[in-house]
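S.K.: This is target-v4.txt (compact mmCIF, C-alpha atoms and all ligand atoms).
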# COMPACT_ATOMS: atom_id res chain seq x y z
CA MET A 170 119.74 150.55 55.59
CA ARG A 171 119.71 147.29 57.48
CA ASP A 172 120.79 144.13 55.72
CA PHE A 173 117.86 141.68 55.66
CA SER A 174 119.56 139.17 53.36
CA SER A 175 121.04 136.84 55.93
CA ASP A 176 118.23 136.46 58.47
CA HIS A 177 114.64 137.46 59.16
CA ARG A 178 114.93 138.85 62.65
CA TRP A 179 113.13 142.07 61.59
CA LEU A 180 110.23 140.28 59.95
CA SER A 181 106.87 140.65 61.67
CA LEU A 182 103.79 138.82 60.50
CA ASN A 183 100.51 140.65 60.33
CA THR A 184 98.28 137.75 61.26
CA ALA A 185 95.62 138.62 58.65
CA THR A 186 98.12 137.24 56.12
CA VAL A 187 97.21 133.69 57.16
CA ARG A 188 93.84 134.36 58.79
CA LYS A 189 92.01 131.71 56.75
CA GLN A 190 94.51 128.95 57.51
CA GLY A 191 94.13 128.85 61.28
CA ASP A 192 93.28 130.68 64.47
CA LEU A 193 95.68 132.90 66.37
CA VAL A 194 97.08 130.00 68.38
CA ALA A 195 97.84 128.06 65.19
CA ILE A 196 99.46 131.17 63.69
CA ILE A 197 101.62 131.70 66.78
CA ASP A 198 102.70 128.05 66.66
CA ALA A 199 103.63 128.49 63.00
CA CYS A 200 105.66 131.60 63.81
CA ALA A 201 107.61 129.56 66.37
CA ARG A 202 108.29 126.88 63.74
CA HIS A 203 109.64 129.47 61.33
CA GLY A 204 111.63 131.59 63.76
CA ILE A 205 109.37 134.63 63.33
CA ARG A 206 109.82 136.92 66.33
CA ALA A 207 106.91 139.34 66.02
CA ILE A 208 103.28 139.55 64.97
CA ASP A 209 100.58 142.16 64.55
CA PRO A 210 97.30 140.48 65.49
CA TRP A 211 93.78 141.63 64.57
CA ARG A 212 91.13 142.26 67.17
CA ASP A 213 88.72 139.69 65.75
CA GLN A 214 91.43 137.02 65.86
CA VAL A 215 92.15 137.88 69.49
CA ALA A 216 88.43 137.88 70.33
CA ALA A 217 87.98 134.47 68.68
CA ILE A 218 90.30 132.79 71.19
CA GLY A 219 89.74 135.23 74.07
CA LEU A 220 92.03 138.04 75.20
CA ASP A 221 93.52 136.14 78.16
CA ARG A 222 94.43 133.15 76.03
CA ALA A 223 95.92 135.44 73.37
CA VAL A 224 98.04 137.22 75.97
CA ARG A 225 99.31 133.87 77.31
CA ALA A 226 100.02 132.50 73.82
CA VAL A 227 102.03 135.59 72.86
CA ARG A 228 103.96 135.51 76.12
CA ASP A 229 104.61 131.75 76.09
CA ALA A 230 105.95 131.98 72.53
CA GLY A 231 108.21 134.91 73.47
CA LEU A 232 106.72 136.96 70.65
CA GLU A 233 106.87 140.71 70.34
CA LEU A 234 104.13 142.75 68.71
CA SER A 235 104.78 145.28 65.97
CA GLY A 236 101.30 146.77 66.36
CA TYR A 237 97.69 145.93 67.07
CA CYS A 238 95.08 145.99 64.30
CA ARG A 239 93.08 147.98 64.55
CA GLY A 240 91.40 151.00 66.05
CA GLY A 241 89.52 153.67 64.22
CA MET A 242 86.33 153.64 62.15
CA PHE A 243 85.70 156.98 63.81
CA THR A 244 83.10 158.28 61.40
CA SER A 245 79.49 157.67 62.37
CA ASP A 246 76.23 159.45 62.86
CA ALA A 247 75.44 160.93 66.27
CA ALA A 248 73.64 157.78 67.42
CA HIS A 249 76.78 155.64 66.99
CA ARG A 250 79.37 158.04 68.38
CA ILE A 251 79.54 156.60 71.90
CA GLU A 252 79.75 153.08 70.50
CA ALA A 253 82.71 154.12 68.35
CA ARG A 254 84.43 155.86 71.25
CA ASP A 255 84.00 152.94 73.65
CA ASP A 256 85.05 150.41 71.03
CA ASN A 257 88.30 152.32 70.54
CA ARG A 258 88.89 152.52 74.27
CA ARG A 259 88.57 148.74 74.47
CA ALA A 260 91.11 148.47 71.65
CA VAL A 261 93.56 150.49 73.76
CA ASP A 262 92.99 148.21 76.76
CA GLU A 263 93.52 145.08 74.63
CA ALA A 264 96.67 146.49 73.03
CA LYS A 265 98.03 147.24 76.48
CA ALA A 266 97.30 143.71 77.71
CA LEU A 267 99.02 142.24 74.66
CA GLY A 268 102.07 144.47 74.99
CA ALA A 269 101.62 146.18 71.62
CA PRO A 270 103.90 149.15 70.82
CA CYS A 271 101.03 150.99 69.07
CA ILE A 272 97.50 150.68 67.73
CA VAL A 273 97.09 150.97 63.98
CA LEU A 274 94.23 153.34 63.14
CA VAL A 275 92.09 152.86 60.05
CA VAL A 276 90.10 156.02 60.49
CA GLY A 277 86.88 155.27 58.62
CA GLY A 278 85.34 156.62 55.43
CA LEU A 279 81.74 157.74 55.12
CA PRO A 280 79.68 157.02 58.26
CA GLN A 281 77.35 154.41 56.75
CA TYR A 282 80.33 152.17 55.85
CA SER A 283 82.52 152.92 58.83
CA ARG A 284 79.81 152.27 61.44
CA PRO A 285 77.01 150.33 59.73
CA GLY A 286 73.57 151.57 60.72
CA SER A 287 74.71 155.18 60.61
CA ALA A 288 72.69 157.56 58.46
CA ALA A 289 74.08 157.85 54.93
CA SER A 290 76.22 160.85 54.08
CA LYS A 291 78.26 162.06 51.10
CA ASP A 292 80.09 164.69 53.12
CA ILE A 293 83.72 163.58 53.10
CA VAL A 294 84.82 166.98 54.46
CA ALA A 295 82.66 166.43 57.53
CA ALA A 296 84.02 162.88 57.81
CA ARG A 297 87.56 164.22 57.92
CA THR A 298 86.65 166.75 60.59
CA GLN A 299 85.07 163.97 62.62
CA VAL A 300 88.20 161.84 62.28
CA HIS A 301 90.34 164.71 63.55
CA ASP A 302 88.10 165.26 66.57
CA ALA A 303 87.76 161.56 67.38
CA ILE A 304 91.52 160.98 67.25
CA ALA A 305 91.92 163.93 69.63
CA GLU A 306 89.48 162.27 72.01
CA MET A 307 91.04 158.80 71.70
CA LEU A 308 94.51 160.27 72.16
CA GLU A 309 93.61 161.44 75.66
CA TYR A 310 92.54 157.93 76.66
CA ALA A 311 95.52 156.31 74.91
CA LYS A 312 97.98 158.65 76.62
CA GLY A 313 96.57 157.49 79.96
CA ALA A 314 97.57 153.96 78.98
CA SER A 315 100.85 155.04 77.33
CA MET A 316 99.64 153.50 74.08
CA PRO A 317 100.81 155.30 70.92
CA LEU A 318 98.36 155.72 68.04
CA ALA A 319 99.55 155.10 64.48
CA ILE A 320 97.36 156.62 61.76
CA GLU A 321 97.50 154.48 58.61
CA PRO A 322 96.76 156.48 55.47
CA LEU A 323 94.88 154.25 53.03
CA HIS A 324 94.96 154.31 49.23
CA PRO A 325 92.30 156.72 47.89
CA ALA A 326 90.30 153.78 46.52
CA TYR A 327 89.22 153.19 50.13
CA ALA A 328 88.10 156.76 50.85
CA ALA A 329 84.41 155.86 50.95
CA ASP A 330 84.38 152.68 52.95
CA ARG A 331 87.55 152.47 55.04
CA ALA A 332 89.57 155.64 55.46
CA CYS A 333 89.19 159.25 54.40
CA VAL A 334 92.83 159.87 55.36
CA ASN A 335 94.51 158.93 52.10
CA THR A 336 97.97 160.40 52.03
CA THR A 337 100.95 160.49 54.35
CA LYS A 338 100.66 164.29 54.31
CA GLN A 339 97.09 164.19 55.56
CA ALA A 340 98.04 161.81 58.37
CA LEU A 341 101.03 163.95 59.37
CA ASP A 342 98.92 167.11 59.33
CA ILE A 343 96.68 165.48 61.96
CA CYS A 344 99.74 164.46 63.97
CA ASP A 345 101.13 168.00 63.89
CA GLU A 346 97.80 169.50 64.95
CA LEU A 347 97.15 167.08 67.82
CA ASP A 348 100.70 166.38 68.99
CA PRO A 349 102.81 169.39 68.02
CA GLN A 350 105.44 168.53 70.64
CA ARG A 351 106.11 165.16 68.95
CA THR A 352 105.72 163.30 72.20
CA GLY A 353 105.65 159.89 70.51
CA ALA A 354 101.97 159.46 71.40
CA LEU A 355 100.81 159.94 67.80
CA GLY A 356 102.37 158.95 64.50
CA VAL A 357 101.82 157.01 61.30
CA ALA A 358 101.79 153.41 60.12
CA LEU A 359 103.12 153.45 56.57
CA ASP A 360 101.99 150.58 54.38
CA VAL A 361 103.67 150.43 50.99
CA TYR A 362 100.42 149.19 49.40
CA HIS A 363 98.72 152.46 50.25
CA ILE A 364 101.48 154.99 49.72
CA TRP A 365 103.80 153.77 46.96
CA TRP A 366 102.12 155.87 44.24
CA ASP A 367 102.29 159.19 46.12
CA PRO A 368 104.53 161.80 44.43
CA GLU A 369 105.00 163.42 47.85
CA LEU A 370 106.01 160.22 49.59
CA MET A 371 109.72 160.85 50.06
CA PRO A 372 109.44 164.42 51.40
CA GLN A 373 106.62 163.32 53.70
CA ILE A 374 108.69 160.46 55.12
CA ALA A 375 111.43 163.00 55.81
CA ARG A 376 108.87 165.28 57.44
CA ALA A 377 107.61 162.42 59.60
CA GLY A 378 111.00 161.72 61.09
CA LYS A 379 111.76 159.00 63.59
CA ASP A 380 109.23 160.26 66.18
CA ARG A 381 106.27 159.78 63.85
CA LEU A 382 107.27 156.55 62.10
CA LEU A 383 105.60 153.94 64.30
CA ALA A 384 105.06 151.04 61.89
CA PHE A 385 106.06 149.90 58.40
CA HIS A 386 103.92 147.41 56.44
CA VAL A 387 104.92 145.56 53.28
CA CYS A 388 103.24 143.57 50.52
CA ASP A 389 103.05 144.37 46.79
CA TRP A 390 100.77 145.96 44.20
CA LEU A 391 99.80 143.52 41.48
CA VAL A 392 99.08 144.64 37.91
CA PRO A 393 96.27 144.20 37.23
CA THR A 394 94.77 144.21 40.72
CA LYS A 395 91.63 142.07 40.53
CA ASP A 396 90.17 143.04 43.89
CA ILE A 397 91.09 146.22 45.68
CA LEU A 398 90.77 144.63 49.13
CA ASN A 399 91.79 141.00 48.78
CA ASP A 400 94.28 140.84 45.92
CA ARG A 401 97.43 142.15 47.54
CA GLY A 402 100.64 140.69 46.22
CA MET A 403 103.52 138.88 47.88
CA MET A 404 106.57 141.13 48.00
CA GLY A 405 108.41 140.87 44.70
CA ASP A 406 105.35 139.88 42.65
CA GLY A 407 104.24 143.45 41.89
CA VAL A 408 105.49 146.93 41.09
CA ILE A 409 106.32 148.52 44.44
CA ASP A 410 109.92 149.57 45.02
CA ILE A 411 109.86 148.27 48.58
CA LYS A 412 113.57 148.72 49.22
CA SER A 413 113.36 152.45 48.39
CA ALA A 414 110.53 152.95 50.85
CA ARG A 415 112.32 150.98 53.57
CA SER A 416 115.53 152.87 52.88
CA ALA A 417 113.68 156.18 53.29
CA VAL A 418 112.06 155.28 56.63
CA GLU A 419 115.31 153.82 57.95
CA ALA A 420 117.19 156.96 56.88
CA GLN A 421 114.91 158.77 59.37
CA GLY A 422 115.90 156.35 62.11
CA PHE A 423 113.08 153.82 61.92
CA ALA A 424 114.53 150.58 63.29
CA GLY A 425 111.43 148.49 63.92
CA TYR A 426 109.92 145.47 62.27
CA SER A 427 109.08 145.18 58.62
CA GLU A 428 105.56 143.86 58.92
CA ILE A 429 104.16 141.63 56.19
CA GLU A 430 100.47 142.27 55.63
CA ILE A 431 98.91 140.46 52.68
CA PHE A 432 95.14 140.17 52.20
CA SER A 433 94.91 137.77 49.31
CA SER A 434 92.43 135.09 48.30
CA ASP A 435 95.35 133.48 46.47
CA TRP A 436 97.68 133.27 49.47
CA TRP A 437 94.82 132.40 51.86
CA ALA A 438 94.27 129.26 49.78
CA ARG A 439 97.81 127.97 50.34
CA PRO A 440 99.15 126.05 53.33
CA MET A 441 100.31 128.28 56.21
CA ASP A 442 103.87 126.89 56.15
CA GLU A 443 104.22 127.58 52.42
CA VAL A 444 103.06 131.17 52.92
CA LEU A 445 105.47 131.76 55.78
CA ARG A 446 108.40 130.16 53.92
CA THR A 447 107.69 132.46 50.98
CA CYS A 448 107.37 135.51 53.24
CA ILE A 449 110.77 134.76 54.78
CA GLU A 450 112.43 134.24 51.41
CA ARG A 451 111.00 137.47 49.96
CA HIS A 452 111.83 139.38 53.12
CA ARG A 453 115.46 138.43 52.56
CA THR A 454 115.53 139.18 48.83
CA VAL A 455 113.13 142.01 47.94
CA VAL A 456 112.24 143.81 51.19
ZN ZN A 501 98.80 148.03 56.72
Please rewrite the model in this file as structure tokens.
Ligand code: ZN
M.R.:
Amino acid sequence: MRDFSSDHRWLSLNTATVRKQGDLVAIIDACARHGIRAIDPWRDQVAAIGLDRAVRAVRDAGLELSGYCRGGMFTSDAAHRIEARDDNRRAVDEAKALGAPCIVLVVGGLPQYSRPGSAASKDIVAARTQVHDAIAEMLEYAKGASMPLAIEPLHPAYAADRACVNTTKQALDICDELDPQRTGALGVALDVYHIWWDPELMPQIARAGKDRLLAFHVCDWLVPTKDILNDRGMMGDGVIDIKSARSAVEAQGFAGYSEIEIFSSDWWARPMDEVLRTCIERHRTVV
């Protein structure tokens, strides 16, 4: 396991962590101030300043990307299927322009929440089938652009509105079905917030292996959690054994960035420099 205690060269900042404190240009400037080498930007943050400007800002700052957030929201009714497909193709094109190593996929829950305006459904089995088929379709386009897809399993609390792929096993089953040769085109983004509770986590990380481990996200699980979406903890403030998870993915050969992704009304209310200083300190001590 890599030693993070003396520097933060393997820290990447998911830019949603400070999304309320400034736009993407301000966040990139802050990363330069703090010696942060990599980011994972969100599509809306890129759109807000324009793709060309985002590409220039990333390049001028010498930043790497650890991913691009996000593709997915595959579940919809028939009337919204083309919209979902085309939206994901644009995400691939943007990721390519930005030099991302992969697109993080949040696959969608029930259609009416994933693609608003879709007819309501309670059929989560059908939603999962749709996710499988839509990833297969997106994979063809993404392969053409040499852009790997990283399925992020989300905590089951999000099954209705964000993702009906809720365990690492489920995500890896899709990978094995659609990319049995392990070409590197399809894998998983493992976020400790979503997976820490899973009794099958360690064997599934071993099953994933280096080929499938495309991204690793960290934050913490607060007790009690006041808001399932926007009350993520700073690493070290909650109950997740982050070092064990990192040790397990690194034992498989994962050698990429440890990406900090905190959606938190608490941390969004603090100055950007204070948040980044804290991220760096916790990255050295508890990640
Ligand atoms: Zn994540």
S.K.: Could you give me, as JSON, numbers by chain, every polymer residue with an atom at most 10 Å away from an atom of ligand ZN 501 (chain A), counting all atoms listed in the file?
M.R.: {"A": [183, 209, 238, 239, 273, 274, 275, 321, 322, 323, 358, 359, 360, 361, 362, 363, 384, 385, 386, 387, 388, 428, 429, 430, 431, 432]}
S.K.: Taking (115.1, 159.7, 53.8) in the file's coordinates, which residues come within 10 Å, counting all atoms listed in the file, written as a PyMOL selection string?
M.R.: chain A and resi 371-378+413-422
S.K.: Write a file of the selected residues as an mmCIF file, keeping the file's coordinate frame, keeping C-alpha atoms.
M.R.:
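The result, stored in out_38.cif:
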data_model
loop_
_atom_site.group_PDB
_atom_site.id
_atom_site.type_symbol
_atom_site.label_atom_id
_atom_site.label_comp_id
_atom_site.auth_asym_id
_atom_site.auth_seq_id
_atom_site.Cartn_x
_atom_site.Cartn_y
_atom_site.Cartn_z
ATOM 1 C CA MET A 371 109.720 160.850 50.060
ATOM 2 C CA PRO A 372 109.440 164.420 51.400
ATOM 3 C CA GLN A 373 106.620 163.320 53.700
ATOM 4 C CA ILE A 374 108.690 160.460 55.120
ATOM 5 C CA ALA A 375 111.430 163.000 55.810
ATOM 6 C CA ARG A 376 108.870 165.280 57.440
ATOM 7 C CA ALA A 377 107.610 162.420 59.600
ATOM 8 C CA GLY A 378 111.000 161.720 61.090
ATOM 9 C CA SER A 413 113.360 152.450 48.390
ATOM 10 C CA ALA A 414 110.530 152.950 50.850
ATOM 11 C CA ARG A 415 112.320 150.980 53.570
ATOM 12 C CA SER A 416 115.530 152.870 52.880
ATOM 13 C CA ALA A 417 113.680 156.180 53.290
ATOM 14 C CA VAL A 418 112.060 155.280 56.630
ATOM 15 C CA GLU A 419 115.310 153.820 57.950
ATOM 16 C CA ALA A 420 117.190 156.960 56.880
ATOM 17 C CA GLN A 421 114.910 158.770 59.370
ATOM 18 C CA GLY A 422 115.900 156.350 62.110
#
S.K.: My list of candidates is A:Ala223, A:Ala329, A:Met316, A:Ala424. Which is closest to A:Gly236 when distances are computed with all atoms listed in the file?
M.R.: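 Among A:Ala223, A:Ala329, A:Met316, A:Ala424, it is A:Met316 that comes nearest to A:Gly236.
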S.K.: Counting all atoms listed in the file, which residue out of A:Ala328, A:Leu383, A:Ala305, A:Ala199 sits closest to A:Gly425?
M.R.: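 Of A:Ala328, A:Leu383, A:Ala305, A:Ala199, the one nearest A:Gly425, counting all atoms listed in the file, is A:Leu383.
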S.K.: Nearest residue to A:Ile272 out of A:Asn257, A:Ser175, A:Thr184, A:Thr394, using all atoms listed in the file?
M.R.: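 Under the stated criterion, the closest residue is A:Asn257.
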S.K.: Could you tell me how far atom CA of A:Ser174 lies from atom CA of A:Trp437, in Å and to one decimal?
M.R.: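 According to the coordinates, atom CA of A:Ser174 and atom CA of A:Trp437 are separated by 25.7 Å.
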S.K.: Atom CA of A:Leu234 to atom CA of A:Cys271: how many Å, to one decimal?
M.R.: 8.8 Å
S.K.: Can you tell me how far atom CA of A:Trp390 sits from atom CA of A:Trp366, in Å to one decimal?
M.R.: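 Between these atoms lies a distance of 10.0 Å.
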S.K.: Env of A:Pro285: 12 Å cut, atoms = all atoms listed in the file, seq-sep filter 2 positions within chain, self excluded. Answer as a list in words.
M.R.: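 So the residues in contact are Met242, Phe243, Thr244, Ser245, Asp246, Ala248, His249, Arg250, Glu252, Ala253, Gly277, Gly278, Leu279, Pro280, Gln281, Tyr282, Ser283, Ser287, Ala288, Ala289, Ser290, Asp330 and Arg331 of chain A.
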S.K.: Closest to A:Thr298 among A:Glu233, A:Cys333, A:Pro210, A:Asp192, using only C-alpha atoms?
M.R.: A:Cys333
S.K.: In terms of the shortest atom-to-atom distance over all atoms listed in the file, which of A:Asp213, A:Glu306, A:Asp406, A:Asp400 is closest to A:Asp255?
M.R.: A:Glu306
S.K.: Point out the residue among A:Pro440, A:Val215, A:Gln299, A:Ala230 with the least atom-to-atom distance to A:Arg202, counting all atoms listed in the file.
M.R.: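 When distances to A:Arg202 are compared using all atoms listed in the file, the smallest one comes from A:Ala230.
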S.K.: Would you mind listing what lies within 12 Å of A:Gly231 as a PyMOL selection string, with only C-alpha atoms counted and same-chain residues fewer than 3 positions away left out?
M.R.: chain A and resi 197-198+200-201+204-208+224-228+234+267-268
